[in-house]
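Right, one structure below, let's go through it.
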Amino acid sequence: ESRLPQPYRDEVRSIARDTGVPIGQIVIYNIFYEIFTVCTSIVATDNHGNQYHARNLDFGLFMGWDYVNHEWPITQKLRKMIINVNWKKGGATIFKSNNFAGYVGIYNGLRPQVANKPNSGWTISCNDRFMAEGGYVGLYRWLSGMDPNGKFMSWLARETLESVDNFKDAKNMLENTPILAPVYYILGGSKAFDGVIIARSLDHTDIVTSMDPNDVNGWYILETNYDQNATVLYLDDRRTPGNHCMRYLGRKNVGYEGIFNVLSSRSTLNKLTAYSVIMQASTGRFETITQTCPGDCYPW
């Protein structure tokens, strides 16, 4: 753990000390999500220009199957570890997130709009991007000293939330900072059509997909774990039902209830889903809902 930068080094040491869990396990726990997580993220604008950002987090694939409860055991355990966090500085909340207890990175976060600063406030979710030069390669490069300045992608998300208060600057920082694992950064702003999917590799940004007010379906963007210009693997097609549900919902019905219904529709909701989160930068509203998919349900 001595290789970890501050403040993360002190944080994982404190977690290990207070929980009694060996520090090596805490470190592995904090970097494992860099390597394999499947998700669905959505940013949408309603008819009144209100912006919403939502996601399902799916985790636990191929880590054993519970034949009695028909669940992924890791997913079962993680549902009990979900917490909402208010990150404060000087007594004031700077941003909000939800985390698995003991995890110091950020997979979903909201920096609320500041009063009298109309372009401030933004939201983020992170979806894994699978590439040959993936998280294992980035981790090896970091451990071997080949890429000492690369950042864990969930730590970059946290640092951006800490230091940047607007959509434009957040987009620039997340597009251009070297990272250790490929990722899709999905960003939403506080005003209509401020939404983008940033497809990152280790050293650069490959694809940027933005909301488009001139496109009939440009009022929303939806990302699973595939490039927007790539064909989805038919065994893992959450994109097609997700797009179908969003277009059936329609822009006029976008809101917390409508988007939650989309996230709760199969196969967007599946046996791997641990939770849904819905965020709105303009109001600072941040909600996490524990999810399960009982009965006959897609395994992922």
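Identifiers in the structure tokens: chain A, B, ... in order shown; residue index from 1 per chain; ligand index from 1 in order shown.
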
Any chance you could tabulate, as CSV, the residues of segment 8-121 of chain A at most 7 Å from segment 250-262 of chain A with each one's nearest atom pair and distance in Å to one decimal, using only C-alpha atoms, in chain and rising number order?
residue,atom,partner,partner_atom,distance
A:Thr45,CA,A:Arg251,CA,7.0
A:Asp46,CA,A:Arg251,CA,5.1
A:Asn47,CA,A:Lys252,CA,5.4
A:Tyr52,CA,A:Gly255,CA,7.0

In segment 111-214 of chain A, DSSP strand (DSSP E or B) residues written as a ChimeraX atom specification:
/A:111,120,122-128,151,166,179,183-189,195-200,205-210

Please, could you write that set of residues out with C-alpha atoms as a PDB file, in the first residue's frame?
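selection.pdb, written as the output of this step:
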ATOM      1  CA  ARG A 111     -21.726  18.052  -7.460  1.00  0.00           C
ATOM      2  CA  SER A 120     -22.387  24.979 -12.118  1.00  0.00           C
ATOM      3  CA  TRP A 122     -22.748  18.163 -12.703  1.00  0.00           C
ATOM      4  CA  THR A 123     -23.121  14.411 -12.289  1.00  0.00           C
ATOM      5  CA  ILE A 124     -21.037  11.389 -13.191  1.00  0.00           C
ATOM      6  CA  SER A 125     -21.288   7.623 -13.485  1.00  0.00           C
ATOM      7  CA  CYS A 126     -18.524   5.251 -14.581  1.00  0.00           C
ATOM      8  CA  ASN A 127     -19.061   2.141 -16.719  1.00  0.00           C
ATOM      9  CA  ASP A 128     -16.300  -0.339 -17.452  1.00  0.00           C
ATOM     10  CA  LYS A 151      -4.750   7.404 -12.052  1.00  0.00           C
ATOM     11  CA  ASN A 166     -19.042  22.671 -13.753  1.00  0.00           C
ATOM     12  CA  ILE A 179      -5.810   6.559 -16.308  1.00  0.00           C
ATOM     13  CA  VAL A 183     -13.763   3.399 -18.839  1.00  0.00           C
ATOM     14  CA  TYR A 184     -16.863   5.167 -20.035  1.00  0.00           C
ATOM     15  CA  TYR A 185     -17.314   8.388 -18.097  1.00  0.00           C
ATOM     16  CA  ILE A 186     -20.961   9.429 -18.411  1.00  0.00           C
ATOM     17  CA  LEU A 187     -21.506  13.070 -17.439  1.00  0.00           C
ATOM     18  CA  GLY A 188     -24.617  15.181 -16.951  1.00  0.00           C
ATOM     19  CA  GLY A 189     -24.842  18.899 -16.317  1.00  0.00           C
ATOM     20  CA  GLY A 195     -24.816  15.118 -21.358  1.00  0.00           C
ATOM     21  CA  VAL A 196     -21.896  13.177 -22.774  1.00  0.00           C
ATOM     22  CA  ILE A 197     -20.343   9.699 -22.928  1.00  0.00           C
ATOM     23  CA  ILE A 198     -16.532   9.773 -22.884  1.00  0.00           C
ATOM     24  CA  ALA A 199     -15.013   6.486 -24.095  1.00  0.00           C
ATOM     25  CA  ARG A 200     -11.536   6.425 -22.528  1.00  0.00           C
ATOM     26  CA  THR A 205     -10.167   9.667 -25.358  1.00  0.00           C
ATOM     27  CA  ASP A 206     -11.377   7.549 -28.297  1.00  0.00           C
ATOM     28  CA  ILE A 207     -15.039   8.523 -28.740  1.00  0.00           C
ATOM     29  CA  VAL A 208     -17.242  11.312 -27.392  1.00  0.00           C
ATOM     30  CA  THR A 209     -21.020  10.967 -27.738  1.00  0.00           C
ATOM     31  CA  SER A 210     -23.139  13.994 -26.806  1.00  0.00           C
TER      32      SER A 210
END

Env of segment 96-109 of chain A: 7 Å cut, atoms = only C-alpha atoms, seq-sep filter 3 positions within chain, self excluded. Answer as a PyMOL selection string.
chain A and resi 15+30+78+81-87+123-126+154-155+157-158

Which polymer residues have any atom within 8 Å of an atom of Phe193 of chain A, counting only C-alpha atoms, with same-chain residues fewer than 2 positions away left out, as JSON, numbers by chain?
{"A": [44, 45, 49, 51, 189, 191, 195, 211, 212, 213, 219, 220]}

Contacts of Arg238 of chain A at 12 Å (only C-alpha atoms; same-chain gap of 3+ positions) as a ChimeraX atom specification:
/A:38-41,56,58,222-226,231-235,241-245,262-263,265-270,298-300

Could you pull out the alpha helix (DSSP H) residues of segment 49-111 of chain A from DSSP and send them as a list in words?
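Result set for segment 49-111 of chain A (alpha helix (DSSP H)): Pro73, Ile74, Thr75, Gln76, Lys77, Leu78 and Arg79 of chain A.
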
Could you tell me which of A:Leu4, A:Ile74, A:Ile94, A:Ile278 comes closest to Gly150 of chain A if we count only C-alpha atoms?
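The shortest atom-to-atom distance to Gly150 of chain A comes from A:Leu4.
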
Give me, as a list in words, all polymer residues having an atom no more than 12 Å from Ile26 of chain A, counting only C-alpha atoms and skipping those fewer than 6 positions away in the same chain.
Glu1, Tyr8, Arg9, Asp10, Glu11, Val12, Arg13, Ser14, Ile15, Ala16, Arg17, Asp18, Thr19, Gly20, Phe32, Ala101, Gly102, Tyr103 and Val104 of chain A

Only all heavy atoms, please: the residues just picked out, written as a compact mmCIF listing (two decimals), in the first residue's frame.
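Done, and the output landed in result-v3.txt:
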# COMPACT_ATOMS: atom_id res chain seq x y z
N GLU A 1 0.82 -1.22 0.00
CA GLU A 1 0.00 0.00 0.00
C GLU A 1 0.84 1.25 0.00
O GLU A 1 0.34 2.36 -0.21
CB GLU A 1 -0.95 0.00 1.20
CG GLU A 1 -0.37 0.58 2.49
CD GLU A 1 0.51 -0.42 3.24
OE1 GLU A 1 0.69 -1.56 2.71
OE2 GLU A 1 1.02 -0.09 4.32
N TYR A 8 -5.36 8.54 -0.36
CA TYR A 8 -5.90 7.18 -0.39
C TYR A 8 -5.10 6.24 0.51
O TYR A 8 -5.67 5.32 1.10
CB TYR A 8 -5.93 6.67 -1.83
CG TYR A 8 -6.60 7.64 -2.78
CD1 TYR A 8 -5.87 8.38 -3.70
CD2 TYR A 8 -7.97 7.84 -2.72
CE1 TYR A 8 -6.48 9.27 -4.55
CE2 TYR A 8 -8.60 8.73 -3.56
CZ TYR A 8 -7.85 9.45 -4.48
OH TYR A 8 -8.45 10.35 -5.31
N ARG A 9 -3.79 6.45 0.60
CA ARG A 9 -2.97 5.58 1.43
C ARG A 9 -3.42 5.63 2.88
O ARG A 9 -3.64 4.59 3.52
CB ARG A 9 -1.50 5.99 1.33
CG ARG A 9 -0.54 5.06 2.07
CD ARG A 9 0.85 5.68 2.16
NE ARG A 9 1.24 6.26 0.89
CZ ARG A 9 2.11 7.27 0.76
NH1 ARG A 9 2.66 7.81 1.84
NH2 ARG A 9 2.43 7.74 -0.43
N ASP A 10 -3.61 6.84 3.41
CA ASP A 10 -4.04 6.97 4.80
C ASP A 10 -5.46 6.44 4.98
O ASP A 10 -5.79 5.87 6.03
CB ASP A 10 -3.97 8.44 5.24
CG ASP A 10 -2.54 8.91 5.49
OD1 ASP A 10 -1.64 8.06 5.56
OD2 ASP A 10 -2.34 10.13 5.59
N GLU A 11 -6.30 6.62 3.97
CA GLU A 11 -7.68 6.17 4.08
C GLU A 11 -7.76 4.65 4.16
O GLU A 11 -8.48 4.10 5.01
CB GLU A 11 -8.50 6.70 2.91
CG GLU A 11 -8.72 8.21 2.98
CD GLU A 11 -9.45 8.75 1.77
OE1 GLU A 11 -9.78 7.95 0.87
OE2 GLU A 11 -9.68 9.98 1.71
N VAL A 12 -7.04 3.94 3.29
CA VAL A 12 -7.12 2.48 3.34
C VAL A 12 -6.46 1.94 4.60
O VAL A 12 -6.91 0.94 5.16
CB VAL A 12 -6.52 1.83 2.06
CG1 VAL A 12 -7.29 2.25 0.83
CG2 VAL A 12 -5.05 2.14 1.91
N ARG A 13 -5.40 2.61 5.07
CA ARG A 13 -4.78 2.20 6.34
C ARG A 13 -5.76 2.37 7.49
O ARG A 13 -5.86 1.51 8.38
CB ARG A 13 -3.52 3.01 6.58
CG ARG A 13 -2.33 2.58 5.74
CD ARG A 13 -1.14 3.51 5.94
NE ARG A 13 0.05 3.01 5.24
CZ ARG A 13 1.16 3.71 5.08
NH1 ARG A 13 1.25 4.94 5.58
NH2 ARG A 13 2.20 3.19 4.44
N SER A 14 -6.50 3.47 7.49
CA SER A 14 -7.47 3.71 8.56
C SER A 14 -8.60 2.70 8.52
O SER A 14 -9.07 2.22 9.56
CB SER A 14 -8.03 5.14 8.44
OG SER A 14 -7.01 6.10 8.62
N ILE A 15 -9.08 2.37 7.32
CA ILE A 15 -10.14 1.38 7.18
C ILE A 15 -9.67 0.02 7.70
O ILE A 15 -10.39 -0.68 8.43
CB ILE A 15 -10.60 1.28 5.71
CG1 ILE A 15 -11.30 2.57 5.28
CG2 ILE A 15 -11.53 0.08 5.51
CD1 ILE A 15 -11.51 2.68 3.79
N ALA A 16 -8.44 -0.36 7.33
CA ALA A 16 -7.90 -1.64 7.81
C ALA A 16 -7.76 -1.64 9.33
O ALA A 16 -8.11 -2.62 9.99
CB ALA A 16 -6.54 -1.89 7.15
N ARG A 17 -7.28 -0.54 9.89
CA ARG A 17 -7.10 -0.46 11.34
C ARG A 17 -8.44 -0.55 12.07
O ARG A 17 -8.58 -1.28 13.06
CB ARG A 17 -6.41 0.87 11.69
CG ARG A 17 -6.14 1.03 13.20
CD ARG A 17 -5.67 2.43 13.53
NE ARG A 17 -6.70 3.42 13.26
CZ ARG A 17 -6.55 4.46 12.45
NH1 ARG A 17 -5.41 4.65 11.81
NH2 ARG A 17 -7.53 5.32 12.27
N ASP A 18 -9.44 0.16 11.59
CA ASP A 18 -10.72 0.22 12.30
C ASP A 18 -11.58 -1.02 12.10
O ASP A 18 -12.43 -1.33 12.94
CB ASP A 18 -11.50 1.46 11.85
CG ASP A 18 -10.83 2.76 12.29
OD1 ASP A 18 -9.97 2.70 13.19
OD2 ASP A 18 -11.17 3.82 11.75
N THR A 19 -11.39 -1.74 10.99
CA THR A 19 -12.20 -2.93 10.73
C THR A 19 -11.50 -4.21 11.13
O THR A 19 -12.16 -5.25 11.31
CB THR A 19 -12.57 -3.02 9.24
OG1 THR A 19 -11.36 -3.16 8.46
CG2 THR A 19 -13.35 -1.80 8.79
N GLY A 20 -10.18 -4.17 11.25
CA GLY A 20 -9.43 -5.39 11.52
C GLY A 20 -9.19 -6.24 10.30
O GLY A 20 -8.62 -7.33 10.39
N PHE A 32 -10.29 -3.70 -7.34
CA PHE A 32 -10.92 -4.76 -8.14
C PHE A 32 -12.00 -4.21 -9.05
O PHE A 32 -12.19 -4.69 -10.17
CB PHE A 32 -11.50 -5.84 -7.23
CG PHE A 32 -11.85 -7.10 -7.99
CD1 PHE A 32 -10.86 -7.99 -8.36
CD2 PHE A 32 -13.16 -7.37 -8.35
CE1 PHE A 32 -11.17 -9.13 -9.07
CE2 PHE A 32 -13.48 -8.53 -9.06
CZ PHE A 32 -12.47 -9.41 -9.41
N ALA A 101 -19.24 0.26 1.33
CA ALA A 101 -18.49 0.62 2.53
C ALA A 101 -17.05 0.15 2.41
O ALA A 101 -16.78 -1.01 2.05
CB ALA A 101 -19.15 -0.01 3.77
N GLY A 102 -16.11 1.05 2.69
CA GLY A 102 -14.70 0.73 2.61
C GLY A 102 -14.07 1.01 1.26
O GLY A 102 -12.86 0.88 1.10
N TYR A 103 -14.89 1.43 0.28
CA TYR A 103 -14.39 1.74 -1.05
C TYR A 103 -14.18 3.24 -1.16
O TYR A 103 -15.11 4.02 -0.91
CB TYR A 103 -15.38 1.25 -2.11
CG TYR A 103 -14.90 1.41 -3.53
CD1 TYR A 103 -13.83 0.65 -4.00
CD2 TYR A 103 -15.50 2.32 -4.39
CE1 TYR A 103 -13.39 0.79 -5.29
CE2 TYR A 103 -15.06 2.46 -5.69
CZ TYR A 103 -14.01 1.70 -6.14
OH TYR A 103 -13.56 1.85 -7.43
N VAL A 104 -12.98 3.68 -1.55
CA VAL A 104 -12.65 5.11 -1.47
C VAL A 104 -12.76 5.82 -2.82
O VAL A 104 -12.61 7.04 -2.88
CB VAL A 104 -11.24 5.32 -0.88
CG1 VAL A 104 -11.18 4.76 0.54
CG2 VAL A 104 -10.15 4.71 -1.76

Just give me the gap between atom CA of Lys117 of chain A and atom CA of Asp165 of chain A in Å, one decimal is fine.
9.8 Å

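Between atom CA of Gly24 of chain A and atom CA of Ala132 of chain A the interatomic distance comes to 26.6 Å.
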